[in-house]
Amino acid sequence: MDLAILKRIILEQHEIIKNMHVVQRENEIEGGSNRILVGLRRAGKTTMLYRLVLSLVESGIDWHQIIYINFEDERLDGFTADDFDDILAIKVELTDKEGWFFFDEIQNVPLWEKFCRRLADSKMHVFVTGSNARMLSREMESILGGRFLSTLVFPYSFREYLEAERIPHDSDAMLKTDSSSRILRAFDEYLHFGGFPENIGRSNRREYVSSVYRKVLEGDIITRREIRNPISLRLMVKKIAESVKDTISYNRIAAAMKGIGVRMNPQTAIDYMSYMEEAYLIFPVRNWFSPFSGRESVRKHYFTDTGILSLFLVDRDPVLLENMIASEFYRRHPADLEESVAFVKSAKTGLDIDFYLPAEQVLIQVSYSLDQSSREREVNALVKAGRLMPDVRRFIILTFSESGTIEAGDIRIEVMPVWRWLLEG
């Protein structure tokens, strides 16, 4: 590798980061541990690294200590494992202080993991991202030998989305008519197009989301898992999208596929579902009242980014709203979602509650709007749950734009627009 070219790439990357408007993420990573950033494609792993670089410089780290290389740079075509030592040579040329190494899309170079393990063993600071299907956390933690921690990166939260759009959203802004109107318009866009950072400001946001979905499906699932019948997988994703608000079992999804002319047995449904979860396309939420034997087989499935779900639905904003809330819970509880969030459904008692937070003892219903019939339905469900679940301390109905309180029996129900709930945390 030409050392002059490699050095130029590193110094040019410094300038790119310096001039980039980088949104502060809610789950910022720290520089104390070696990290591999994983998650849905285009979720913002690169900009997460940019934030860390800027915070390190603000703390006193010199730019020459920052070795940031994006391996998608065409000037690095032909870079091989034999060239990795050239990176160390450039670092020594730039500074004799400790180095901070950032490798973006490093999966393009064979044997990269051995080099990263060597750096980690030498007490270097190493941060890695990649969008290749091999860069899934379950594999990487094993391949890197326990020397790296995985950080799951999500598309923008609504707060981060507003930051990227430079829309004020503090408590004063939420009270003012003009600024709250801007927030609500942004929320409608966020609901339909999701939170992919690179989609901000694009004229055709749906087209971008569609391209991300195709890459996830084709690259992270079909190619990686050598799916012999990709049409069946595509149809299954569509069927899951149409069933987001409903519980779905492997037997049921296999039967549904047969109903549209696709032969599929329950084991294939299990495999396909696990592949989607591995690629961070979807995630499960369990029924709090399910017996242990049914926790894995009968669950609800939501999409990590609501923009992808919207590709399959027309005029189904209530479904998108519930999915958005579920994905926010996933963002808040990436490591312990199963114990932190559930839905409540019981044929025996008739309970049917969208979300239950057991640690906080909170019940949440989702209703796009509260007309007379929906208000009666949601209130009655919460009143009934309050009688059968006496430890619950808080009852909430989340809507698109309505707010207020409802006194019903012995409970007080908070009515809150989802956008405000997202911003108030």
# chains A, B, ... in the order shown; residues from 1 in each chain; ligands from 1

$ residues_around --residues "Asp317 in chain A" --least-positions-apart "3" --cutoff "10 Å" --atoms "only C-alpha atoms" --output "list in words"
Asp188, Leu191, His192, Ser310, Leu313, Val314, Leu320, Leu321, Glu322, Asn323, Tyr368 and Phe400 of chain A

$ write_last_selection --atoms "C-alpha atoms" --output "PDB file, in the first residue's frame"
ATOM      1  CA  ASP A 188     -45.844  12.619  10.748  1.00  0.00           C
ATOM      2  CA  LEU A 191     -44.004   7.963  11.419  1.00  0.00           C
ATOM      3  CA  HIS A 192     -44.037   7.211   7.694  1.00  0.00           C
ATOM      4  CA  SER A 310     -44.756   1.574   6.055  1.00  0.00           C
ATOM      5  CA  LEU A 313     -49.059  -0.743   4.546  1.00  0.00           C
ATOM      6  CA  VAL A 314     -51.412   1.782   2.968  1.00  0.00           C
ATOM      7  CA  LEU A 320     -47.456   2.392  12.383  1.00  0.00           C
ATOM      8  CA  LEU A 321     -48.112   4.217  15.641  1.00  0.00           C
ATOM      9  CA  GLU A 322     -48.097   1.025  17.695  1.00  0.00           C
ATOM     10  CA  ASN A 323     -44.957  -0.179  15.910  1.00  0.00           C
ATOM     11  CA  TYR A 368     -54.682   6.707  16.950  1.00  0.00           C
ATOM     12  CA  PHE A 400     -51.519  10.716  17.562  1.00  0.00           C
TER      13      PHE A 400
END

$ residues_around --residues "range 23-29 of chain A" --least-positions-apart "2" --cutoff "8 Å" --atoms "only C-alpha atoms" --output "MDAnalysis selection string"
chainID A and resid 21 31 47:48 51:52 151 156 160 163:164

$ write_last_selection --atoms "C-alpha atoms" --output "mmCIF file, in the first residue's frame"
data_model
loop_
_atom_site.group_PDB
_atom_site.id
_atom_site.type_symbol
_atom_site.label_atom_id
_atom_site.label_comp_id
_atom_site.auth_asym_id
_atom_site.auth_seq_id
_atom_site.Cartn_x
_atom_site.Cartn_y
_atom_site.Cartn_z
ATOM 1 C CA HIS A 21 -23.071 18.166 11.523
ATOM 2 C CA GLY A 31 -13.922 5.389 24.569
ATOM 3 C CA THR A 47 -22.067 8.900 12.629
ATOM 4 C CA MET A 48 -21.898 7.259 16.061
ATOM 5 C CA ARG A 51 -19.527 11.595 17.653
ATOM 6 C CA LEU A 52 -17.006 9.590 19.631
ATOM 7 C CA THR A 151 -23.146 -1.844 20.931
ATOM 8 C CA TYR A 156 -32.718 7.971 15.032
ATOM 9 C CA GLU A 160 -32.536 12.715 17.474
ATOM 10 C CA GLU A 163 -32.028 17.451 16.279
ATOM 11 C CA ALA A 164 -30.993 16.405 12.772
#

$ atom_distance --atom1 "CA of Ile143 in chain A" --atom2 "CA of Asn229 in chain A"
29.6 Å

$ closest_residue --among "A:Ser327, A:Lys345, A:Gly261, A:Glu414" --to "Ser290 in chain A" --atoms "only C-alpha atoms"
A:Lys345

$ residues_around --residues "range 170-177 of chain A" --least-positions-apart "4" --cutoff "10 Å" --atoms "only C-alpha atoms" --output "VMD selection string"
chain A and resid 159 181 to 184 420 423 to 424

$ select_by_dssp --residues "range 132-331 of chain A" --states "strand (DSSP E)" --output "list in words"
Leu149, Ser150, Thr151, Leu152, Ile248, Ser249, Ile282, Phe283, Pro284, Val285, Arg286, Val298, Arg299, Lys300, His301, Tyr302 and Phe303 of chain A

$ atom_distance --atom1 "CA of Asp85 in chain A" --atom2 "CA of Leu119 in chain A"
10.6 Å

$ closest_residue --among "A:Ile227, A:Val237, A:Leu351, A:Val298" --to "Asn380 in chain A" --atoms "only C-alpha atoms"
A:Leu351

$ closest_residue --among "A:Ile270, A:Ile406, A:Ile364, A:Met324" --to "Val244 in chain A" --atoms "only C-alpha atoms"
A:Met324

$ closest_residue --among "A:Leu40, A:Ile90, A:Ile411, A:Ala381" --to "Leu6 in chain A" --atoms "only C-alpha atoms"
A:Ile90

$ closest_residue --among "A:Gly145, A:Leu152, A:Lys239, A:Val212" --to "Ala335 in chain A" --atoms "only C-alpha atoms"
A:Leu152

$ closest_residue --among "A:Ala43, A:Ala186, A:Gln65, A:Arg332" --to "Glu198 in chain A" --atoms "only C-alpha atoms"
A:Ala43

$ residues_around --residues "range 53-55 of chain A" --least-positions-apart "6" --cutoff "12 Å" --atoms "only C-alpha atoms" --output "tab-separated table (two decimals) with C-alpha atoms, in the first residue's frame"
chain	number	residue	atom	x	y	z
A	13	GLN	CA	-11.18	11.88	7.06
A	14	HIS	CA	-10.26	14.23	9.90
A	15	GLU	CA	-11.54	17.14	7.83
A	16	ILE	CA	-14.75	15.30	6.96
A	17	ILE	CA	-15.49	14.71	10.64
A	18	LYS	CA	-14.61	18.28	11.62
A	19	ASN	CA	-17.09	19.70	9.09
A	20	MET	CA	-19.89	17.20	9.67
A	21	HIS	CA	-23.07	18.17	11.52
A	22	VAL	CA	-23.25	15.19	13.85
A	23	VAL	CA	-26.34	14.66	15.98
A	24	GLN	CA	-25.69	13.70	19.57
A	25	ARG	CA	-27.06	10.20	20.07
A	28	GLU	CA	-23.48	7.58	23.16
A	29	ILE	CA	-20.57	5.13	23.32
A	30	GLU	CA	-17.55	5.77	25.50
A	31	GLY	CA	-13.92	5.39	24.57
A	46	THR	CA	-20.70	5.68	11.16
A	47	THR	CA	-22.07	8.90	12.63
A	61	ILE	CA	-6.99	13.79	22.43
A	62	ASP	CA	-4.93	15.14	19.50
A	63	TRP	CA	-6.26	14.66	15.97
A	64	HIS	CA	-3.03	12.86	15.04
A	65	GLN	CA	-3.95	10.16	17.54
A	66	ILE	CA	-7.16	9.49	15.60
A	67	ILE	CA	-6.72	6.89	12.86
A	68	TYR	CA	-10.06	6.74	11.06
A	99	GLY	CA	-3.66	5.64	19.12
A	100	TRP	CA	-7.42	5.49	18.67
A	101	PHE	CA	-8.34	3.33	15.68
A	102	PHE	CA	-11.69	3.60	13.90
A	125	HIS	CA	-8.34	1.54	21.42
A	126	VAL	CA	-10.28	-0.04	18.54
A	127	PHE	CA	-13.78	0.68	17.20

$ select_by_dssp --residues "range 249-399 of chain A" --states "helix (DSSP H, G or I)" --output "ChimeraX atom specification"
/A:250-259,266-278,292-294,306-310,317-332,337-340,372-388

$ residues_around --residues "Phe84 in chain A" --least-positions-apart "2" --cutoff "10 Å" --atoms "only C-alpha atoms" --output "count of residues only"
14
